[in-house]
Structure formats: structure tokens, C-alpha cells
$ cat work-v4.cif   # mmCIF, C-alpha atoms
data_upload
loop_
_atom_site.label_atom_id
_atom_site.label_comp_id
_atom_site.auth_asym_id
_atom_site.auth_seq_id
_atom_site.Cartn_x
_atom_site.Cartn_y
_atom_site.Cartn_z
CA MET A 22 28.18 -1.86 9.01
CA THR A 23 28.41 -5.46 7.82
CA GLU A 24 29.16 -6.37 4.21
CA ALA A 25 25.60 -7.62 3.80
CA SER A 26 24.07 -4.35 5.00
CA LYS A 27 26.10 -1.96 2.85
CA PRO A 28 23.84 0.23 0.70
CA THR A 29 23.39 -0.79 -2.91
CA PRO A 30 22.49 1.73 -5.63
CA THR A 31 18.86 2.78 -5.44
CA VAL A 32 17.18 2.29 -8.82
CA ALA A 33 14.59 4.62 -10.27
CA HIS A 34 10.92 3.66 -10.33
CA SER A 35 9.10 3.66 -13.67
CA ASP A 36 7.63 7.10 -12.92
CA GLY A 37 11.04 8.57 -12.08
CA ARG A 38 10.79 8.40 -8.29
CA PRO A 39 13.52 6.53 -6.40
CA VAL A 40 12.67 3.09 -5.07
CA GLN A 41 12.52 3.04 -1.27
CA ILE A 42 11.44 -0.57 -0.67
CA SER A 43 12.57 -3.50 -2.79
CA CYS A 44 11.29 -6.98 -2.01
CA ARG A 45 12.95 -9.78 -4.00
CA ASP A 46 12.15 -13.51 -4.10
CA VAL A 47 10.83 -13.55 -0.53
CA TRP A 48 9.57 -16.83 0.97
CA LYS A 49 8.08 -17.60 4.37
CA VAL A 50 7.54 -21.27 5.16
CA TYR A 51 6.17 -22.73 8.41
CA GLY A 52 6.36 -26.25 9.76
CA HIS A 53 8.69 -28.87 11.20
CA ARG A 54 12.27 -28.23 10.02
CA ALA A 55 10.88 -25.61 7.61
CA GLU A 56 14.19 -23.92 6.80
CA ALA A 57 16.07 -27.20 6.37
CA VAL A 58 13.36 -28.71 4.14
CA PHE A 59 13.21 -25.47 2.12
CA ALA A 60 16.98 -25.64 1.53
CA GLU A 61 16.73 -29.29 0.51
CA GLN A 62 13.84 -28.71 -1.89
CA ARG A 63 15.21 -25.53 -3.47
CA THR A 64 16.73 -27.30 -6.43
CA THR A 65 14.23 -25.97 -8.95
CA ALA A 66 14.04 -22.48 -10.42
CA ASP A 67 10.27 -22.78 -10.83
CA PRO A 68 8.54 -21.21 -7.77
CA ALA A 69 5.27 -23.07 -8.48
CA VAL A 70 7.04 -26.43 -8.51
CA LEU A 71 8.95 -25.54 -5.34
CA GLY A 72 5.78 -24.40 -3.57
CA ALA A 73 3.99 -27.63 -4.48
CA ALA A 74 6.94 -29.70 -3.23
CA LEU A 75 6.99 -27.83 0.09
CA ARG A 76 3.26 -28.32 0.60
CA LYS A 77 3.62 -32.02 -0.26
CA ALA A 78 6.28 -32.20 2.47
CA GLY A 79 3.65 -30.98 4.96
CA LEU A 80 4.83 -27.35 5.21
CA ILE A 81 2.70 -24.21 5.11
CA VAL A 82 3.84 -21.81 2.39
CA ALA A 83 2.65 -18.42 3.68
CA VAL A 84 4.69 -16.32 1.22
CA ALA A 85 5.95 -17.74 -2.08
CA ASP A 86 8.60 -15.97 -4.16
CA VAL A 87 7.14 -12.49 -3.62
CA GLY A 88 8.80 -9.55 -5.32
CA PHE A 89 7.84 -5.90 -5.81
CA GLU A 90 9.20 -2.37 -5.50
CA VAL A 91 7.65 0.64 -3.78
CA ALA A 92 8.65 4.14 -4.85
CA LYS A 93 9.27 6.96 -2.42
CA GLY A 94 5.95 8.62 -1.62
CA GLU A 95 3.85 5.83 -3.19
CA ILE A 96 0.79 4.15 -1.66
CA PHE A 97 1.28 0.46 -2.49
CA VAL A 98 -1.74 -1.65 -1.53
CA ILE A 99 -1.45 -5.42 -1.07
CA MET A 100 -4.74 -7.26 -1.03
CA GLY A 101 -6.14 -10.76 -1.10
CA LEU A 102 -8.51 -13.11 0.66
CA SER A 103 -7.93 -14.30 4.21
CA GLY A 104 -4.91 -16.60 4.25
CA SER A 105 -3.43 -15.22 1.02
CA GLY A 106 -0.23 -14.09 2.77
CA LYS A 107 -0.74 -10.33 2.74
CA SER A 108 -0.28 -9.78 6.49
CA THR A 109 2.70 -12.15 6.55
CA ILE A 110 4.54 -10.20 3.86
CA ILE A 111 4.08 -6.84 5.59
CA ARG A 112 5.50 -8.36 8.78
CA CYS A 113 8.43 -9.69 6.78
CA LEU A 114 9.04 -6.14 5.50
CA SER A 115 9.59 -4.97 9.08
CA ARG A 116 11.13 -8.28 10.22
CA LEU A 117 8.46 -8.79 12.84
CA ILE A 118 8.52 -12.17 11.07
CA GLU A 119 11.80 -13.53 9.76
CA PRO A 120 11.60 -14.53 6.07
CA THR A 121 12.76 -18.01 5.17
CA ALA A 122 14.57 -16.72 2.07
CA GLY A 123 14.87 -13.68 -0.17
CA ASN A 124 16.07 -10.09 0.00
CA ILE A 125 14.42 -6.95 1.38
CA LEU A 126 16.13 -3.62 0.71
CA ILE A 127 15.19 -0.37 2.44
CA ASP A 128 16.81 2.62 0.74
CA GLY A 129 19.27 0.18 -0.78
CA GLU A 130 20.25 -1.38 2.57
CA ASP A 131 19.76 -5.09 3.19
CA LEU A 132 17.19 -5.36 5.97
CA LEU A 133 17.96 -9.04 6.54
CA GLY A 134 21.63 -8.25 7.11
CA LYS A 135 20.96 -6.01 10.09
CA ASN A 136 21.60 -7.17 13.62
CA GLU A 137 19.04 -6.81 16.41
CA ASP A 138 20.26 -3.40 17.60
CA GLU A 139 20.32 -1.99 14.06
CA LEU A 140 16.84 -3.36 13.44
CA ILE A 141 15.47 -1.78 16.62
CA GLU A 142 16.90 1.59 15.61
CA LEU A 143 15.40 1.25 12.14
CA ARG A 144 11.95 0.53 13.55
CA ARG A 145 12.18 3.35 16.07
CA HIS A 146 13.23 6.04 13.60
CA LYS A 147 12.32 5.00 10.05
CA MET A 148 9.18 2.86 10.24
CA GLY A 149 5.67 3.60 11.45
CA MET A 150 3.21 0.74 11.94
CA VAL A 151 -0.58 0.65 12.34
CA PHE A 152 -2.51 -2.59 12.79
CA GLN A 153 -6.17 -3.60 12.91
CA SER A 154 -6.04 -3.85 16.71
CA PHE A 155 -5.40 -0.34 17.98
CA GLY A 156 -2.95 -1.48 20.67
CA LEU A 157 -3.40 1.63 22.81
CA LEU A 158 -2.14 1.54 26.39
CA PRO A 159 -5.32 1.76 28.50
CA HIS A 160 -3.65 3.49 31.48
CA LEU A 161 -2.26 6.33 29.34
CA ASN A 162 -4.24 9.25 27.99
CA VAL A 163 -4.20 10.30 24.33
CA LEU A 164 -1.25 12.66 24.75
CA ASP A 165 0.90 10.04 26.46
CA ASN A 166 -0.15 7.25 24.08
CA VAL A 167 0.89 9.31 21.07
CA GLY A 168 4.13 10.38 22.75
CA TYR A 169 5.01 6.87 23.94
CA PRO A 170 7.35 5.98 21.01
CA LEU A 171 9.27 9.19 21.69
CA ARG A 172 9.54 8.20 25.34
CA VAL A 173 11.09 4.91 24.20
CA GLN A 174 13.57 6.94 22.13
CA GLY A 175 14.57 8.85 25.27
CA ARG A 176 13.20 12.23 24.17
CA SER A 177 12.51 14.84 26.85
CA ARG A 178 8.95 15.21 28.11
CA ALA A 179 8.67 18.72 26.64
CA GLU A 180 9.81 17.51 23.22
CA ARG A 181 7.53 14.49 23.12
CA GLU A 182 4.51 16.50 24.29
CA ARG A 183 5.14 19.12 21.60
CA ARG A 184 5.39 16.49 18.89
CA ALA A 185 2.40 14.52 20.24
CA ARG A 186 0.22 17.64 20.20
CA GLU A 187 1.19 18.29 16.57
CA MET A 188 0.18 14.76 15.56
CA ILE A 189 -3.04 14.88 17.59
CA GLU A 190 -4.02 18.05 15.75
CA LEU A 191 -3.05 16.48 12.41
CA VAL A 192 -5.51 13.60 12.92
CA GLY A 193 -8.29 15.90 14.12
CA LEU A 194 -8.30 15.10 17.84
CA ALA A 195 -7.23 18.46 19.28
CA GLY A 196 -8.98 18.93 22.62
CA ARG A 197 -9.01 15.20 23.47
CA GLU A 198 -5.42 15.02 24.75
CA LYS A 199 -6.46 14.08 28.29
CA ALA A 200 -9.00 11.46 27.30
CA PHE A 201 -8.31 7.78 27.93
CA PRO A 202 -8.86 5.08 25.26
CA ARG A 203 -12.01 3.79 26.97
CA GLU A 204 -13.54 7.26 26.54
CA LEU A 205 -13.05 7.29 22.76
CA SER A 206 -15.01 5.79 19.89
CA GLY A 207 -13.41 3.15 17.66
CA GLY A 208 -12.67 5.73 14.98
CA MET A 209 -11.06 8.05 17.51
CA GLN A 210 -8.95 5.21 18.90
CA GLN A 211 -7.70 4.42 15.40
CA ARG A 212 -6.79 8.09 14.92
CA VAL A 213 -4.73 7.89 18.10
CA GLY A 214 -2.97 4.82 16.70
CA ILE A 215 -2.23 6.69 13.47
CA ALA A 216 -0.94 9.73 15.37
CA ARG A 217 1.28 7.51 17.50
CA SER A 218 2.77 5.80 14.45
CA LEU A 219 3.59 9.21 12.93
CA ALA A 220 5.09 10.72 16.07
CA VAL A 221 8.60 9.45 15.25
CA GLU A 222 8.39 11.03 11.76
CA PRO A 223 8.89 7.72 9.90
CA ASP A 224 9.88 7.64 6.24
CA ILE A 225 7.94 4.41 5.71
CA TRP A 226 4.44 3.62 6.95
CA PHE A 227 3.12 0.05 7.24
CA LEU A 228 -0.66 -0.31 7.74
CA ASP A 229 -2.25 -3.75 8.13
CA GLU A 230 -6.06 -3.53 7.67
CA PRO A 231 -6.20 -0.47 9.94
CA PHE A 232 -9.86 0.35 9.20
CA SER A 233 -11.44 -3.11 8.88
CA ALA A 234 -12.80 -3.14 12.44
CA LEU A 235 -14.69 0.13 11.91
CA ASP A 236 -18.30 0.53 10.78
CA PRO A 237 -18.74 1.62 7.11
CA LEU A 238 -19.36 5.33 7.76
CA ILE A 239 -16.41 5.72 10.14
CA ARG A 240 -14.28 3.62 7.81
CA ARG A 241 -14.90 5.97 4.88
CA GLN A 242 -14.15 8.97 7.09
CA MET A 243 -10.86 7.37 8.13
CA GLN A 244 -9.99 6.69 4.50
CA ASP A 245 -10.59 10.37 3.76
CA GLU A 246 -8.45 11.31 6.75
CA PHE A 247 -5.71 8.94 5.62
CA LEU A 248 -5.62 10.50 2.15
CA ARG A 249 -5.58 14.00 3.65
CA ILE A 250 -2.64 13.12 5.91
CA GLN A 251 -0.78 11.49 3.02
CA GLY A 252 -1.36 14.61 0.94
CA VAL A 253 0.48 16.59 3.63
CA LEU A 254 3.25 14.13 4.60
CA LYS A 255 3.95 12.19 1.35
CA LYS A 256 5.01 8.98 3.14
CA THR A 257 6.02 5.74 1.46
CA ILE A 258 3.15 3.43 2.38
CA VAL A 259 2.45 -0.30 2.23
CA PHE A 260 -1.25 -0.78 3.02
CA ILE A 261 -2.92 -4.17 3.55
CA THR A 262 -6.62 -4.70 2.91
CA HIS A 263 -9.06 -7.39 1.75
CA ASP A 264 -11.51 -4.74 0.49
CA PHE A 265 -11.06 -3.98 -3.22
CA LEU A 266 -13.09 -0.77 -3.08
CA GLU A 267 -10.82 0.47 -0.29
CA ALA A 268 -7.79 -0.44 -2.40
CA LEU A 269 -9.20 1.48 -5.36
CA ARG A 270 -9.74 4.60 -3.25
CA LEU A 271 -6.29 4.63 -1.72
CA ALA A 272 -3.79 2.96 -4.02
CA ASP A 273 -1.30 4.27 -6.51
CA ARG A 274 -0.67 0.61 -7.33
CA ILE A 275 -2.22 -2.66 -6.19
CA ALA A 276 -0.71 -6.13 -5.76
CA ILE A 277 -3.17 -9.03 -5.49
CA MET A 278 -2.06 -12.15 -3.62
CA ARG A 279 -3.30 -15.74 -3.75
CA GLU A 280 -1.85 -18.69 -1.79
CA GLY A 281 1.21 -16.68 -0.79
CA ALA A 282 2.11 -15.43 -4.28
CA ILE A 283 1.45 -12.16 -6.09
CA VAL A 284 -0.70 -12.86 -9.15
CA GLN A 285 -1.00 -9.32 -10.54
CA THR A 286 0.42 -5.86 -9.87
CA GLY A 287 -0.76 -2.65 -11.51
CA ASN A 288 -2.57 0.62 -11.05
CA PRO A 289 -6.31 0.39 -10.25
CA ALA A 290 -7.40 0.90 -13.86
CA GLU A 291 -5.02 -1.81 -15.14
CA ILE A 292 -6.30 -4.30 -12.56
CA VAL A 293 -9.94 -3.57 -13.38
CA LEU A 294 -9.61 -3.44 -17.17
CA HIS A 295 -7.07 -6.24 -17.64
CA PRO A 296 -7.35 -8.90 -14.91
CA VAL A 297 -4.84 -11.67 -15.54
CA ASP A 298 -7.16 -14.51 -14.50
CA ASP A 299 -10.58 -15.38 -13.12
CA TYR A 300 -9.38 -14.91 -9.53
CA VAL A 301 -8.51 -11.25 -10.15
CA ALA A 302 -11.61 -10.74 -12.30
CA GLU A 303 -13.78 -11.93 -9.40
CA PHE A 304 -12.25 -9.24 -7.18
CA THR A 305 -13.17 -6.55 -9.70
CA HIS A 306 -16.57 -7.90 -10.71
CA ASP A 307 -18.71 -5.43 -8.74
CA VAL A 308 -16.45 -2.41 -9.17
CA PRO A 309 -18.19 0.54 -10.88
CA LEU A 310 -15.84 1.07 -13.84
CA ALA A 311 -16.83 4.70 -14.37
CA LYS A 312 -15.49 5.57 -10.91
CA VAL A 313 -12.16 3.80 -11.46
CA VAL A 314 -11.09 3.91 -15.08
CA THR A 315 -9.29 7.10 -16.05
CA ALA A 316 -9.06 9.00 -19.31
CA GLY A 317 -5.37 8.16 -19.51
CA ALA A 318 -6.09 4.43 -19.22
CA ILE A 319 -8.34 4.27 -22.30
CA CYS A 320 -7.32 7.22 -24.47
CA ARG A 321 -6.11 6.64 -28.02
CA PRO A 322 -3.17 8.30 -29.80
CA ALA A 323 -4.01 11.90 -30.67
CA ASN A 324 -4.57 12.69 -34.36
CA GLY A 325 -3.59 16.32 -33.88
CA ALA A 326 -2.21 18.72 -31.31
CA GLY A 327 -5.64 19.49 -29.92
CA ASN A 328 -6.59 22.53 -27.87
CA PRO A 329 -4.89 22.40 -24.43
CA SER A 330 -7.59 24.64 -22.96
CA ASP A 331 -10.15 21.99 -23.91
CA ALA A 332 -8.17 19.05 -22.52
CA VAL A 333 -9.08 16.67 -19.72
CA ALA A 334 -6.51 15.37 -17.26
CA ALA A 335 -5.28 11.82 -17.77
CA ALA A 336 -6.04 11.14 -14.10
CA GLU A 337 -9.72 12.12 -14.39
CA THR A 338 -12.21 9.25 -14.19
CA ILE A 339 -14.76 8.38 -16.85
CA GLU A 340 -17.48 9.51 -14.46
CA ALA A 341 -15.91 12.97 -14.23
CA ILE A 342 -15.55 13.50 -17.97
CA LEU A 343 -18.87 12.03 -19.15
CA PRO A 344 -20.72 15.38 -19.02
CA ARG A 345 -18.12 16.86 -21.38
CA LEU A 346 -18.43 13.97 -23.84
CA ALA A 347 -22.23 13.95 -23.93
CA GLY A 348 -23.42 15.22 -27.33
CA ARG A 349 -19.87 16.01 -28.43
CA GLY A 350 -18.96 15.00 -31.96
CA SER A 351 -15.20 15.40 -31.66
CA ALA A 352 -12.57 13.88 -29.40
CA LEU A 353 -11.34 15.49 -26.21
CA PRO A 354 -7.57 15.88 -25.90
CA VAL A 355 -6.01 14.20 -22.84
CA CYS A 356 -3.01 15.73 -21.06
CA ASP A 357 -0.75 14.46 -18.31
CA ALA A 358 0.02 16.29 -15.06
CA ALA A 359 2.71 18.34 -16.82
CA GLY A 360 0.24 19.52 -19.48
CA ARG A 361 1.68 17.31 -22.23
CA LEU A 362 -0.72 15.82 -24.77
CA VAL A 363 -0.89 12.04 -24.28
CA GLY A 364 -3.90 11.14 -26.41
CA GLN A 365 -7.55 11.77 -27.11
CA ILE A 366 -10.82 10.25 -25.95
CA THR A 367 -14.31 9.97 -27.41
CA ALA A 368 -17.68 8.74 -26.17
CA ASP A 369 -17.10 5.55 -28.19
CA ASP A 370 -13.85 4.91 -26.28
CA VAL A 371 -15.80 5.12 -23.02
CA LEU A 372 -18.51 2.75 -24.26
CA GLU A 373 -15.85 0.30 -25.46
CA ALA A 374 -14.21 0.28 -22.02
CA LEU A 375 -17.52 -0.21 -20.21
CA ALA A 376 -18.54 -3.01 -22.61
CA ALA A 377 -15.28 -4.89 -22.15
CA ARG A 378 -16.42 -6.43 -18.84
CA THR A 379 -19.66 -7.70 -20.42
CA ARG A 380 -17.64 -9.58 -23.03
CA ARG A 381 -15.38 -11.27 -20.43
#
$ encode --input "work-v4.cif" --output "C-alpha cells"
Amino acid sequence: MTEASKPTPTVAHSDGRPVQISCRDVWKVYGHRAEAVFAEQRTTADPAVLGAALRKAGLIVAVADVGFEVAKGEIFVIMGLSGSGKSTIIRCLSRLIEPTAGNILIDGEDLLGKNEDELIELRRHKMGMVFQSFGLLPHLNVLDNVGYPLRVQGRSRAERERRAREMIELVGLAGREKAFPRELSGGMQQRVGIARSLAVEPDIWFLDEPFSALDPLIRRQMQDEFLRIQGVLKKTIVFITHDFLEALRLADRIAIMREGAIVQTGNPAEIVLHPVDDYVAEFTHDVPLAKVVTAGAICRPANGAGNPSDAVAAAETIEAILPRLAGRGSALPVCDAAGRLVGQITADDVLEALAARTRR
């Protein structure tokens, strides 16, 4: 192992889970002599000034000083408009694209310090990838498509067929093992792609707009399937989308990108209730707040201990708790997942949260 690739201590995430992916000060610049011009221009500590100088020099700044951390088992959604840099950053995370500058740590190891052989092994055994284009091999049936990554690893036919059948069942395609891609619907083909990416039992799962080519009904079904699979496997996931409603359904946290930079990161309720600027507010404009904002996001400090048997969960949405608040004169206690009292909520608190958007 090279000096650059030696593991560094893995820091704890804010919720206590270890950090599995750490992305620090990452840039990706395209154009004539991009790396040389970047090195020449990097005399300022201000990323905005540097980005402007690079663009003035005729370069394309696809990713600008991006940094974030993803905890083990977290669904981290990156979203933005077309051209915002979201697909570029996920390819930098797997080094399908080489970053111009920055650091990417996977379990404390420097991804950019790995040589080609080490990188291939990492992709084969630790990372699963699903893209918008299904990328199925048309001459292979479902069983062989799903087992193909294991074939690349040199696994025996019996072993790869056993594992492939397990994944095919997991995504709900049992009985279609002998079907070819042309015989499957778009939703079924995407399930095959998901099963294939999971066949190698990756720790980390990268998904780049995997459902955007599907019609709305199939897309929602695939989102449900994705959440079901994640509930079983607990993978660390970086998920790219341009659809804010999809992000709200799936994400533990969301990062919103604009012109290559991350402009806000937070959980869905934070993004919706406290957008940092008009760009983020526009993303959230049509979001039904009652379906997104949770009791924990708007509760106030509790005046007393409250009755735990009467409590609502901090993770419950406003929509879910409204029937219990209707006609109630007193506050409802709010408890976290461990049953600890974290606050209280009243009907007035809900009205205040819903009215906040009108005042913006």
C-alpha cells in the first residue's frame, strides 16, 4: 500500500454512524490544458473567485470545491438541474472520471492514491453502480446478466448462479431467469440492472438517475422496491436525481448542486423549511409540506415530561399526526426513535410551519 492510500481514522457522523465516504474540496475542470491552468490559477482560497477565473480562461468547471460526507448505511441524494455537476461528481467518487483536484476517502482510504489494479479490485468488490441506461448484455439472459460481474471475478458457475438467483428473487423477478432483455419491460430491465449491481455484495451503491427513463407508475414502484431492498441490505448509497419529489421520498439527506457547487445540504425537512436562497426555494416550491415536514423538525421544547404513551414519533410527518391534533387543546409530546422526549407539538406549530412558505 502506498503512503497516499494508507487508511486515515474514520470520523463519526453527526448521528453516531461512521463515515464511509468523505469527499473534500473536489474539482473537475475540462478544457485545453485544464490541469495546468487550474494549478496556475489556484492562488486564491476563495472557490467562487477561482471558479470565475477558470471560466474566464475558457474552461468548463463541472465540479467546484465539492465536499460532503456519507455515513455508513445512509441514503445521500445529490440533485440539481441538468448541467449542475451531479453526474460528474458521482463518477468522480468511483474514479470513472479523474478529479482535477481534491480528496476522496472510502473507509478512510485515499481513493485517488490507488493504482489501476487496486481501483479495479475496489470496483469489483466494494462498489455497485446503476445508471439511467440499463446496460444489459442483449445476448445474455437474466440469470447470466446478473451473474456477469461474478464471472468477471472468476467465481465458479455454480456459485454465480446461486448468488444471481438470490438477487433475482430479491428484486421480484423470480421465474424470469431465462428471459432475455428484449423480452422484459423497462421496469423489469432496471430491476435486472439493480440485481446485477448487488450481485457482488457491494458496501457502497452508486445510482445515477436509475428511474428517470421509466413512466411515472413504474418509477414509483421502483422507488418502493428500492426502499424495500435498502431496508433489507442497509447499503451506503449515493443517489443522483433531478426530481425533488423523488429525493424527498428516498433521502436521509439531500445535497443540491448549482453550476458545479453544492449550495445546500440537509435532511428533507431542513431543505424545505429553510432554503438558503431562491434557487433552492424554487426546487421546493410545489412540495406538499404536510407530506415532508416531520414532528421533530418543528417541535418546541417540552414544558413537562409528558405522557410517553401519548407521544408521536419525531419522524412522523405533519400529515400523519394531524388527526391527533384536531380539536386537541394540549400539546402532543414528541419522542425520538429511542423513546426519549425531544419536545412537544401543537396545532399552532403546524399552522406556523405551513404558513412560513406563504411569507417567503
$ closest_residue --input "work-v4.cif" --among "A:Ile342, A:Met278, A:Leu71, A:Ala83" --to "A:Val301" --atoms "only C-alpha atoms"
A:Met278
$ closest_residue --input "work-v4.cif" --among "A:Leu164, A:Leu171, A:Val293, A:Val47" --to "A:Leu114" --atoms "only C-alpha atoms"
A:Val47
$ resolve_selection --input "work-v4.cif" --expression "the PyMOL selection byres ((chain A and resi 39-42) around 12)" --output "ChimeraX atom specification"
/A:28-38,43-45,88-97,111,114-115,124-132,147-148,224-227,256-259
$ residues_near_point --input "work-v4.cif" --point "(-5.8, -9.6, -0.4)" --cutoff "12 Å" --atoms "all atoms listed in the file" --output "count of residues only"
40
$ atom_distance --input "work-v4.cif" --atom1 "atom CA of A:Pro170" --atom2 "atom CA of A:Arg241"
27.5 Å
$ resolve_selection --input "work-v4.cif" --expression "the PyMOL selection byres ((chain A and resi 214) around 8)" --output "VMD selection string"
chain A and resid 151 155 to 157 167 210 to 213 215 to 218
$ residues_near_point --input "work-v4.cif" --point "(-8.1, 2.3, -28.0)" --cutoff "9 Å" --atoms "only C-alpha atoms" --output "ChimeraX atom specification"
/A:319-322,366,370,373-374
$ residues_around --input "work-v4.cif" --residues "A:Arg172" --least-positions-apart "5" --cutoff "8 Å" --atoms "all atoms listed in the file" --output "list of chain:residue names"
A:Ser177, A:Arg178, A:Arg181
$ closest_residue --input "work-v4.cif" --among "A:Glu303, A:Asp331, A:Asp369, A:Glu182" --to "A:Gly348" --atoms "only C-alpha atoms"
A:Asp369
$ resolve_selection --input "work-v4.cif" --expression "the PyMOL selection byres ((chain A and resi 65-70) around 10)" --output "PyMOL selection string"
chain A and resi 46+48+62-64+71-75+85-87+282
$ write_last_selection --input "work-v4.cif" --atoms "C-alpha atoms" --output "PDB file, in the coordinates of the input"
ATOM      1  CA  ASP A  46      12.150 -13.510  -4.100  1.00  0.00           C
ATOM      2  CA  TRP A  48       9.570 -16.830   0.970  1.00  0.00           C
ATOM      3  CA  GLN A  62      13.840 -28.710  -1.890  1.00  0.00           C
ATOM      4  CA  ARG A  63      15.210 -25.530  -3.470  1.00  0.00           C
ATOM      5  CA  THR A  64      16.730 -27.300  -6.430  1.00  0.00           C
ATOM      6  CA  LEU A  71       8.950 -25.540  -5.340  1.00  0.00           C
ATOM      7  CA  GLY A  72       5.780 -24.400  -3.570  1.00  0.00           C
ATOM      8  CA  ALA A  73       3.990 -27.630  -4.480  1.00  0.00           C
ATOM      9  CA  ALA A  74       6.940 -29.700  -3.230  1.00  0.00           C
ATOM     10  CA  LEU A  75       6.990 -27.830   0.090  1.00  0.00           C
ATOM     11  CA  ALA A  85       5.950 -17.740  -2.080  1.00  0.00           C
ATOM     12  CA  ASP A  86       8.600 -15.970  -4.160  1.00  0.00           C
ATOM     13  CA  VAL A  87       7.140 -12.490  -3.620  1.00  0.00           C
ATOM     14  CA  ALA A 282       2.110 -15.430  -4.280  1.00  0.00           C
TER      15      ALA A 282
END
$ atom_distance --input "work-v4.cif" --atom1 "atom CA of A:Asn162" --atom2 "atom CA of A:Ile239"
21.9 Å
$ closest_residue --input "work-v4.cif" --among "A:Arg240, A:Arg361, A:His295, A:Arg349" --to "A:Ala323" --atoms "all atoms listed in the file"
A:Arg361
$ closest_residue --input "work-v4.cif" --among "A:Ala57, A:Asn166, A:Leu375, A:Val355" --to "A:Leu294" --atoms "only C-alpha atoms"
A:Leu375
$ atom_distance --input "work-v4.cif" --atom1 "atom CA of A:Val313" --atom2 "atom CA of A:Leu353"
18.8 Å
$ closest_residue --input "work-v4.cif" --among "A:Ala332, A:Ala179, A:Ala368, A:Val192" --to "A:Gly350" --atoms "all atoms listed in the file"
A:Ala368
$ residues_around --input "work-v4.cif" --residues "A:Ala358" --least-positions-apart "4" --cutoff "10 Å" --atoms "only C-alpha atoms" --output "ChimeraX atom specification"
/A:334-336,362
$ axis_aligned_box --input "work-v4.cif" --around "stretch 257-265 of chain A" --padding-each-side "6 Å" --output "lines of an AutoDock Vina configuration file"
center_x = -2.7
center_y = -0.8
center_z = 0.2
size_x = 29.5
size_y = 25.1
size_z = 18.8
$ residues_around --input "work-v4.cif" --residues "A:Asn288" --least-positions-apart "5" --cutoff "8 Å" --atoms "all atoms listed in the file" --output "PyMOL selection string"
chain A and resi 272-275
$ decode --input "work-v4.cif" --residues "stretch 288-344 of chain A" --atoms "C-alpha atoms" --output "short mmCIF file (atom, residue, chain, number, x, y, z; two decimals), in the first residue's frame"
data_model
loop_
_atom_site.label_atom_id
_atom_site.label_comp_id
_atom_site.auth_asym_id
_atom_site.auth_seq_id
_atom_site.Cartn_x
_atom_site.Cartn_y
_atom_site.Cartn_z
CA ASN A 288 -32.41 16.49 5.61
CA PRO A 289 -35.61 16.88 3.53
CA ALA A 290 -37.41 18.95 6.17
CA GLU A 291 -34.45 21.34 6.56
CA ILE A 292 -34.25 21.88 2.80
CA VAL A 293 -37.99 22.54 2.51
CA LEU A 294 -38.38 24.73 5.59
CA HIS A 295 -35.11 26.66 5.38
CA PRO A 296 -33.91 27.04 1.76
CA VAL A 297 -30.70 29.05 1.68
CA ASP A 298 -31.59 31.02 -1.47
CA ASP A 299 -34.14 31.48 -4.23
CA TYR A 300 -32.61 28.67 -6.29
CA VAL A 301 -33.29 26.10 -3.55
CA ALA A 302 -36.67 27.64 -2.75
CA GLU A 303 -37.72 27.16 -6.38
CA PHE A 304 -36.94 23.45 -6.10
CA THR A 305 -39.20 23.15 -3.06
CA HIS A 306 -41.98 25.46 -4.24
CA ASP A 307 -44.51 22.77 -5.20
CA VAL A 308 -43.64 20.29 -2.44
CA PRO A 309 -46.62 19.45 -0.18
CA LEU A 310 -45.18 20.43 3.21
CA ALA A 311 -47.51 18.19 5.19
CA LYS A 312 -46.02 15.13 3.49
CA VAL A 313 -42.42 16.17 4.17
CA VAL A 314 -42.10 18.13 7.38
CA THR A 315 -41.80 15.96 10.47
CA ALA A 316 -42.86 16.49 14.07
CA GLY A 317 -39.21 16.55 15.10
CA ALA A 318 -38.44 19.34 12.63
CA ILE A 319 -40.96 21.80 14.08
CA CYS A 320 -41.49 20.71 17.70
CA ARG A 321 -40.78 23.13 20.53
CA PRO A 322 -39.02 22.40 23.84
CA ALA A 323 -41.27 20.36 26.12
CA ASN A 324 -42.70 22.16 29.17
CA GLY A 325 -43.06 18.92 31.09
CA ALA A 326 -42.26 15.23 30.90
CA GLY A 327 -45.43 14.44 29.01
CA ASN A 328 -47.08 11.04 28.73
CA PRO A 329 -44.89 8.68 26.64
CA SER A 330 -47.94 6.59 25.73
CA ASP A 331 -49.46 9.68 24.13
CA ALA A 332 -46.32 10.67 22.20
CA VAL A 333 -45.79 10.92 18.47
CA ALA A 334 -42.54 9.89 16.82
CA ALA A 335 -40.19 12.66 15.76
CA ALA A 336 -40.00 11.05 12.30
CA GLU A 337 -43.78 11.20 11.73
CA THR A 338 -44.95 13.73 9.15
CA ILE A 339 -47.41 16.54 9.80
CA GLU A 340 -49.90 14.72 7.60
CA ALA A 341 -49.71 11.64 9.83
CA ILE A 342 -50.22 13.49 13.11
CA LEU A 343 -52.91 15.98 12.03
CA PRO A 344 -55.82 13.71 13.05
#
